[in-house]
file upload_35.cif (mmCIF, C-alpha atoms, pLDDT in the B column; chains and numbers go by the auth columns)
data_final
loop_
_atom_site.group_PDB
_atom_site.id
_atom_site.type_symbol
_atom_site.label_atom_id
_atom_site.label_comp_id
_atom_site.label_asym_id
_atom_site.label_seq_id
_atom_site.Cartn_x
_atom_site.Cartn_y
_atom_site.Cartn_z
_atom_site.B_iso_or_equiv
_atom_site.auth_seq_id
_atom_site.auth_asym_id
ATOM 1 C CA PHE A 1 74.225 32.676 7.463 93.00 60 A
ATOM 2 C CA THR A 2 75.898 29.550 8.790 95.00 61 A
ATOM 3 C CA LEU A 3 79.124 30.196 10.685 96.00 62 A
ATOM 4 C CA GLN A 4 81.991 27.793 11.267 97.00 63 A
ATOM 5 C CA ALA A 5 85.296 28.114 13.076 96.00 64 A
ATOM 6 C CA ILE A 6 88.313 28.851 10.875 97.00 65 A
ATOM 7 C CA ARG A 7 90.677 26.816 13.076 97.00 66 A
ATOM 8 C CA SER A 8 89.650 23.481 14.610 97.00 67 A
ATOM 9 C CA GLU A 9 92.245 23.445 17.413 97.00 68 A
ATOM 10 C CA ASP A 10 91.293 24.424 20.964 97.00 69 A
ATOM 11 C CA GLU A 11 92.036 28.008 21.962 96.00 70 A
ATOM 12 C CA GLU A 12 95.289 28.387 23.950 96.00 71 A
ATOM 13 C CA THR A 13 96.811 25.501 21.922 97.00 72 A
ATOM 14 C CA ARG A 14 100.263 25.898 20.344 97.00 73 A
ATOM 15 C CA ILE A 15 99.996 25.723 16.539 97.00 74 A
ATOM 16 C CA SER A 16 102.279 26.051 13.536 97.00 75 A
ATOM 17 C CA LEU A 17 101.391 28.043 10.417 96.00 76 A
ATOM 18 C CA PRO A 18 103.202 26.746 7.328 97.00 77 A
ATOM 19 C CA GLU A 19 104.565 28.811 4.462 96.00 78 A
ATOM 20 C CA GLY A 20 101.653 29.856 2.243 96.00 79 A
ATOM 21 C CA PHE A 21 99.046 29.933 5.058 95.00 80 A
ATOM 22 C CA ASN A 22 95.938 31.980 4.245 95.00 81 A
ATOM 23 C CA ALA A 23 96.679 35.423 5.711 94.00 82 A
ATOM 24 C CA SER A 24 93.047 36.505 5.249 95.00 83 A
ATOM 25 C CA GLU A 25 91.982 33.752 7.665 96.00 84 A
ATOM 26 C CA VAL A 26 94.735 34.195 10.278 96.00 85 A
ATOM 27 C CA ARG A 27 95.947 37.479 11.790 96.00 86 A
ATOM 28 C CA LEU A 28 99.378 37.357 13.358 96.00 87 A
ATOM 29 C CA THR A 29 99.882 39.466 16.484 96.00 88 A
ATOM 30 C CA GLY A 30 102.769 40.044 18.861 95.00 89 A
ATOM 31 C CA ASN A 31 106.394 40.053 17.725 93.00 90 A
ATOM 32 C CA VAL A 32 105.924 39.166 14.040 94.00 91 A
ATOM 33 C CA VAL A 33 109.402 38.807 12.535 94.00 92 A
ATOM 34 C CA GLY A 34 110.674 36.776 9.609 94.00 93 A
ATOM 35 C CA GLU A 35 108.817 34.394 7.347 94.00 94 A
ATOM 36 C CA ALA A 36 106.654 31.286 7.798 96.00 95 A
ATOM 37 C CA PRO A 37 106.523 28.772 9.273 96.00 96 A
ATOM 38 C CA PHE A 38 105.295 30.608 12.366 96.00 97 A
ATOM 39 C CA ASN A 39 104.722 28.955 15.759 96.00 98 A
ATOM 40 C CA GLY A 40 102.393 30.543 18.287 96.00 99 A
ATOM 41 C CA THR A 41 99.375 30.227 20.555 97.00 100 A
ATOM 42 C CA LEU A 42 95.877 30.195 19.076 97.00 101 A
ATOM 43 C CA ILE A 43 94.043 32.985 20.900 97.00 102 A
ATOM 44 C CA HIS A 44 90.787 32.918 18.900 96.00 103 A
ATOM 45 C CA LYS A 45 89.554 30.286 16.427 97.00 104 A
ATOM 46 C CA GLY A 46 88.066 32.895 14.081 97.00 105 A
ATOM 47 C CA TRP A 47 84.769 32.591 12.227 97.00 106 A
ATOM 48 C CA LYS A 48 83.782 32.372 8.574 96.00 107 A
ATOM 49 C CA VAL A 49 80.506 32.020 6.712 96.00 108 A
ATOM 50 C CA SER A 50 80.144 28.515 5.260 95.00 109 A
ATOM 51 C CA ASP A 51 76.611 28.865 3.851 94.00 110 A
ATOM 52 C CA ILE A 52 74.324 31.755 2.912 91.00 111 A
ATOM 53 C CA LYS A 53 70.580 31.383 2.434 91.00 112 A
ATOM 54 C CA LEU A 54 68.775 34.574 1.487 86.00 113 A
ATOM 55 C CA PRO A 55 65.145 35.089 0.504 87.00 114 A
ATOM 56 C CA LYS A 56 64.377 35.246 -3.195 88.00 115 A
ATOM 57 C CA ILE A 57 64.385 38.824 -4.506 88.00 116 A
ATOM 58 C CA ALA A 58 61.156 40.060 -6.129 90.00 117 A
ATOM 59 C CA GLU A 59 61.497 40.955 -9.796 91.00 118 A
ATOM 60 C CA GLY A 60 62.250 44.638 -10.257 90.00 119 A
ATOM 61 C CA HIS A 61 63.513 45.106 -6.672 89.00 120 A
ATOM 62 C CA ASP A 62 66.544 47.434 -6.520 91.00 121 A
ATOM 63 C CA VAL A 63 68.979 45.743 -4.122 86.00 122 A
ATOM 64 C CA SER A 64 71.232 48.832 -4.065 91.00 123 A
ATOM 65 C CA ILE A 65 68.689 50.704 -1.905 90.00 124 A
ATOM 66 C CA VAL A 66 69.561 50.182 1.766 88.00 125 A
ATOM 67 C CA ALA A 67 66.826 52.406 3.228 89.00 126 A
ATOM 68 C CA PRO A 68 64.396 54.452 1.128 88.00 127 A
ATOM 69 C CA ALA A 69 63.802 58.150 1.717 91.00 128 A
ATOM 70 C CA GLU A 70 60.603 58.926 3.616 92.00 129 A
ATOM 71 C CA VAL A 71 58.064 61.598 2.785 84.00 130 A
ATOM 72 C CA GLU A 72 55.263 62.217 5.258 89.00 131 A
ATOM 73 C CA LEU A 73 51.989 63.397 3.695 87.00 132 A
#
call {"tool": "encode", "arguments": {"input": "upload_35.cif", "output": "structure tokens"}}
result
Amino acid sequence: FTLQAIRSEDEETRISLPEGFNASEVRLTGNVVGEAPFNGTLIHKGWKVSDIKLPKIAEGHDVSIVAPAEVEL
């Protein structure tokens, strides 16, 4: 997984969030009243996955199994 910051501004910077900002990328905290635009201080840049590289799955492999049951003989 390759991670990248959601926001490019430095933490502790004052920013403005316009109407229609992506609420799944930005969590508002504090005294949240009214509607966008919102002005506040960026506390954490956030992280998102920008690229995923997984190994190739072998044919017939059941990816729904997280951990198989064990039987000791």
call {"tool": "resolve_selection", "arguments": {"input": "upload_35.cif", "expression": "the PyMOL selection byres ((chain A and resi 102-119) around 10)", "output": "ChimeraX atom specification"}}
result
/A:60-73,84-86,88,99-101,120-122
call {"tool": "closest_residue", "arguments": {"input": "upload_35.cif", "among": "A:Glu131, A:Leu87, A:Gly93, A:Asn98", "to": "Ile74 in chain A", "atoms": "only C-alpha atoms"}}
result
A:Asn98
call {"tool": "atom_distance", "arguments": {"input": "upload_35.cif", "atom1": "CA of Leu76 in chain A", "atom2": "CA of Val92 in chain A"}}
result
13.6 Å
call {"tool": "residues_around", "arguments": {"input": "upload_35.cif", "residues": "Gly79 in chain A", "least_positions_apart": "6", "cutoff": "10 Å", "atoms": "all atoms listed in the file", "output": "list of chain:residue names"}}
result
A:Glu94, A:Ala95, A:Pro96
call {"tool": "axis_aligned_box", "arguments": {"input": "upload_35.cif", "around": "range 110-124 of chain A", "padding_each_side": "5 Å", "output": "lines of an AutoDock Vina configuration file"}}
result
center_x = 68.9
center_y = 39.8
center_z = -3.2
size_x = 25.5
size_y = 31.8
size_z = 24.1
call {"tool": "atom_distance", "arguments": {"input": "upload_35.cif", "atom1": "CA of Phe97 in chain A", "atom2": "CA of Ala82 in chain A"}}
result
11.9 Å
call {"tool": "decode", "arguments": {"input": "upload_35.cif", "residues": "range 68-98 of chain A", "atoms": "N, CA, C and O atoms", "output": "CSV table (one decimal), in the first residue's frame"}}
result
chain,number,residue,atom,x,y,z
A,68,GLU,N,-1.4,21.1,3.1
A,68,GLU,CA,-1.0,22.2,4.0
A,68,GLU,C,-0.3,21.6,5.2
A,68,GLU,O,-0.5,20.5,5.6
A,69,ASP,N,0.6,22.5,5.8
A,69,ASP,CA,1.2,22.1,7.1
A,69,ASP,C,0.2,22.1,8.2
A,69,ASP,O,-0.8,22.8,8.2
A,70,GLU,N,0.5,21.1,9.1
A,70,GLU,CA,-0.4,21.0,10.3
A,70,GLU,C,-0.3,22.3,11.1
A,70,GLU,O,0.8,23.0,11.1
A,71,GLU,N,-1.3,22.7,11.8
A,71,GLU,CA,-1.5,24.0,12.5
A,71,GLU,C,-1.7,25.2,11.6
A,71,GLU,O,-1.6,26.3,12.1
A,72,THR,N,-1.9,25.0,10.3
A,72,THR,CA,-2.2,26.0,9.4
A,72,THR,C,-3.7,26.3,9.4
A,72,THR,O,-4.5,25.3,9.5
A,73,ARG,N,-4.1,27.5,9.2
A,73,ARG,CA,-5.6,27.9,9.1
A,73,ARG,C,-6.0,27.5,7.6
A,73,ARG,O,-5.3,27.9,6.7
A,74,ILE,N,-7.1,26.8,7.5
A,74,ILE,CA,-7.6,26.5,6.1
A,74,ILE,C,-9.1,26.7,6.1
A,74,ILE,O,-9.7,26.9,7.1
A,75,SER,N,-9.5,26.8,4.8
A,75,SER,CA,-11.0,27.0,4.6
A,75,SER,C,-11.5,25.8,3.8
A,75,SER,O,-10.8,25.3,2.8
A,76,LEU,N,-12.6,25.2,4.2
A,76,LEU,CA,-13.2,24.1,3.5
A,76,LEU,C,-14.5,24.6,2.8
A,76,LEU,O,-15.4,25.1,3.4
A,77,PRO,N,-14.5,24.6,1.4
A,77,PRO,CA,-15.6,25.1,0.7
A,77,PRO,C,-16.8,24.3,0.7
A,77,PRO,O,-16.8,23.1,1.2
A,78,GLU,N,-17.9,24.8,0.3
A,78,GLU,CA,-19.2,24.0,0.2
A,78,GLU,C,-18.9,22.8,-0.8
A,78,GLU,O,-18.2,23.0,-1.7
A,79,GLY,N,-19.4,21.7,-0.4
A,79,GLY,CA,-19.2,20.5,-1.2
A,79,GLY,C,-17.8,19.8,-0.9
A,79,GLY,O,-17.5,18.8,-1.7
A,80,PHE,N,-17.1,20.1,0.1
A,80,PHE,CA,-15.9,19.4,0.5
A,80,PHE,C,-16.2,18.0,0.7
A,80,PHE,O,-17.3,17.6,1.1
A,81,ASN,N,-15.2,17.1,0.6
A,81,ASN,CA,-15.4,15.7,0.7
A,81,ASN,C,-15.4,15.3,2.2
A,81,ASN,O,-14.3,15.2,2.8
A,82,ALA,N,-16.5,15.1,2.8
A,82,ALA,CA,-16.7,14.8,4.2
A,82,ALA,C,-16.1,13.5,4.6
A,82,ALA,O,-15.8,13.2,5.8
A,83,SER,N,-15.8,12.6,3.7
A,83,SER,CA,-15.2,11.3,4.0
A,83,SER,C,-13.7,11.5,4.2
A,83,SER,O,-13.0,10.7,4.8
A,84,GLU,N,-13.1,12.6,3.6
A,84,GLU,CA,-11.7,12.9,3.8
A,84,GLU,C,-11.4,13.8,4.9
A,84,GLU,O,-10.2,13.8,5.4
A,85,VAL,N,-12.4,14.6,5.4
A,85,VAL,CA,-12.1,15.6,6.4
A,85,VAL,C,-13.1,15.5,7.5
A,85,VAL,O,-14.3,15.5,7.2
A,86,ARG,N,-12.7,15.3,8.7
A,86,ARG,CA,-13.6,15.2,9.9
A,86,ARG,C,-13.5,16.5,10.6
A,86,ARG,O,-12.5,17.0,11.0
A,87,LEU,N,-14.7,17.1,10.8
A,87,LEU,CA,-14.8,18.4,11.5
A,87,LEU,C,-14.9,18.1,13.0
A,87,LEU,O,-15.7,17.2,13.4
A,88,THR,N,-14.2,18.8,13.8
A,88,THR,CA,-14.3,18.7,15.3
A,88,THR,C,-14.5,20.0,15.9
A,88,THR,O,-14.3,21.1,15.2
A,89,GLY,N,-14.8,20.1,17.2
A,89,GLY,CA,-15.0,21.4,17.8
A,89,GLY,C,-16.4,21.8,17.8
A,89,GLY,O,-17.4,21.0,17.7
A,90,ASN,N,-16.6,23.1,17.7
A,90,ASN,CA,-18.0,23.7,17.6
A,90,ASN,C,-18.4,23.8,16.2
A,90,ASN,O,-18.3,24.8,15.5
A,91,VAL,N,-19.0,22.6,15.7
A,91,VAL,CA,-19.4,22.6,14.3
A,91,VAL,C,-20.9,23.1,14.2
A,91,VAL,O,-21.8,22.4,14.6
A,92,VAL,N,-21.0,24.2,13.6
A,92,VAL,CA,-22.4,24.9,13.5
A,92,VAL,C,-22.5,25.5,12.1
A,92,VAL,O,-21.5,26.0,11.6
A,93,GLY,N,-23.7,25.3,11.5
A,93,GLY,CA,-23.9,26.0,10.2
A,93,GLY,C,-23.4,25.1,9.1
A,93,GLY,O,-23.3,23.9,9.2
A,94,GLU,N,-23.3,25.8,7.9
A,94,GLU,CA,-22.9,25.1,6.7
A,94,GLU,C,-21.6,25.7,6.1
A,94,GLU,O,-21.2,26.8,6.5
A,95,ALA,N,-21.0,24.9,5.2
A,95,ALA,CA,-19.7,25.4,4.6
A,95,ALA,C,-20.0,26.7,3.8
A,95,ALA,O,-21.1,26.9,3.4
A,96,PRO,N,-18.9,27.5,3.7
A,96,PRO,CA,-17.5,27.2,4.0
A,96,PRO,C,-17.2,27.2,5.5
A,96,PRO,O,-17.8,28.0,6.2
A,97,PHE,N,-16.3,26.3,5.9
A,97,PHE,CA,-15.8,26.3,7.2
A,97,PHE,C,-14.4,26.8,7.3
A,97,PHE,O,-13.6,26.4,6.4
A,98,ASN,N,-14.0,27.5,8.3
A,98,ASN,CA,-12.6,27.9,8.5
A,98,ASN,C,-12.1,27.4,9.8
A,98,ASN,O,-12.8,27.4,10.8
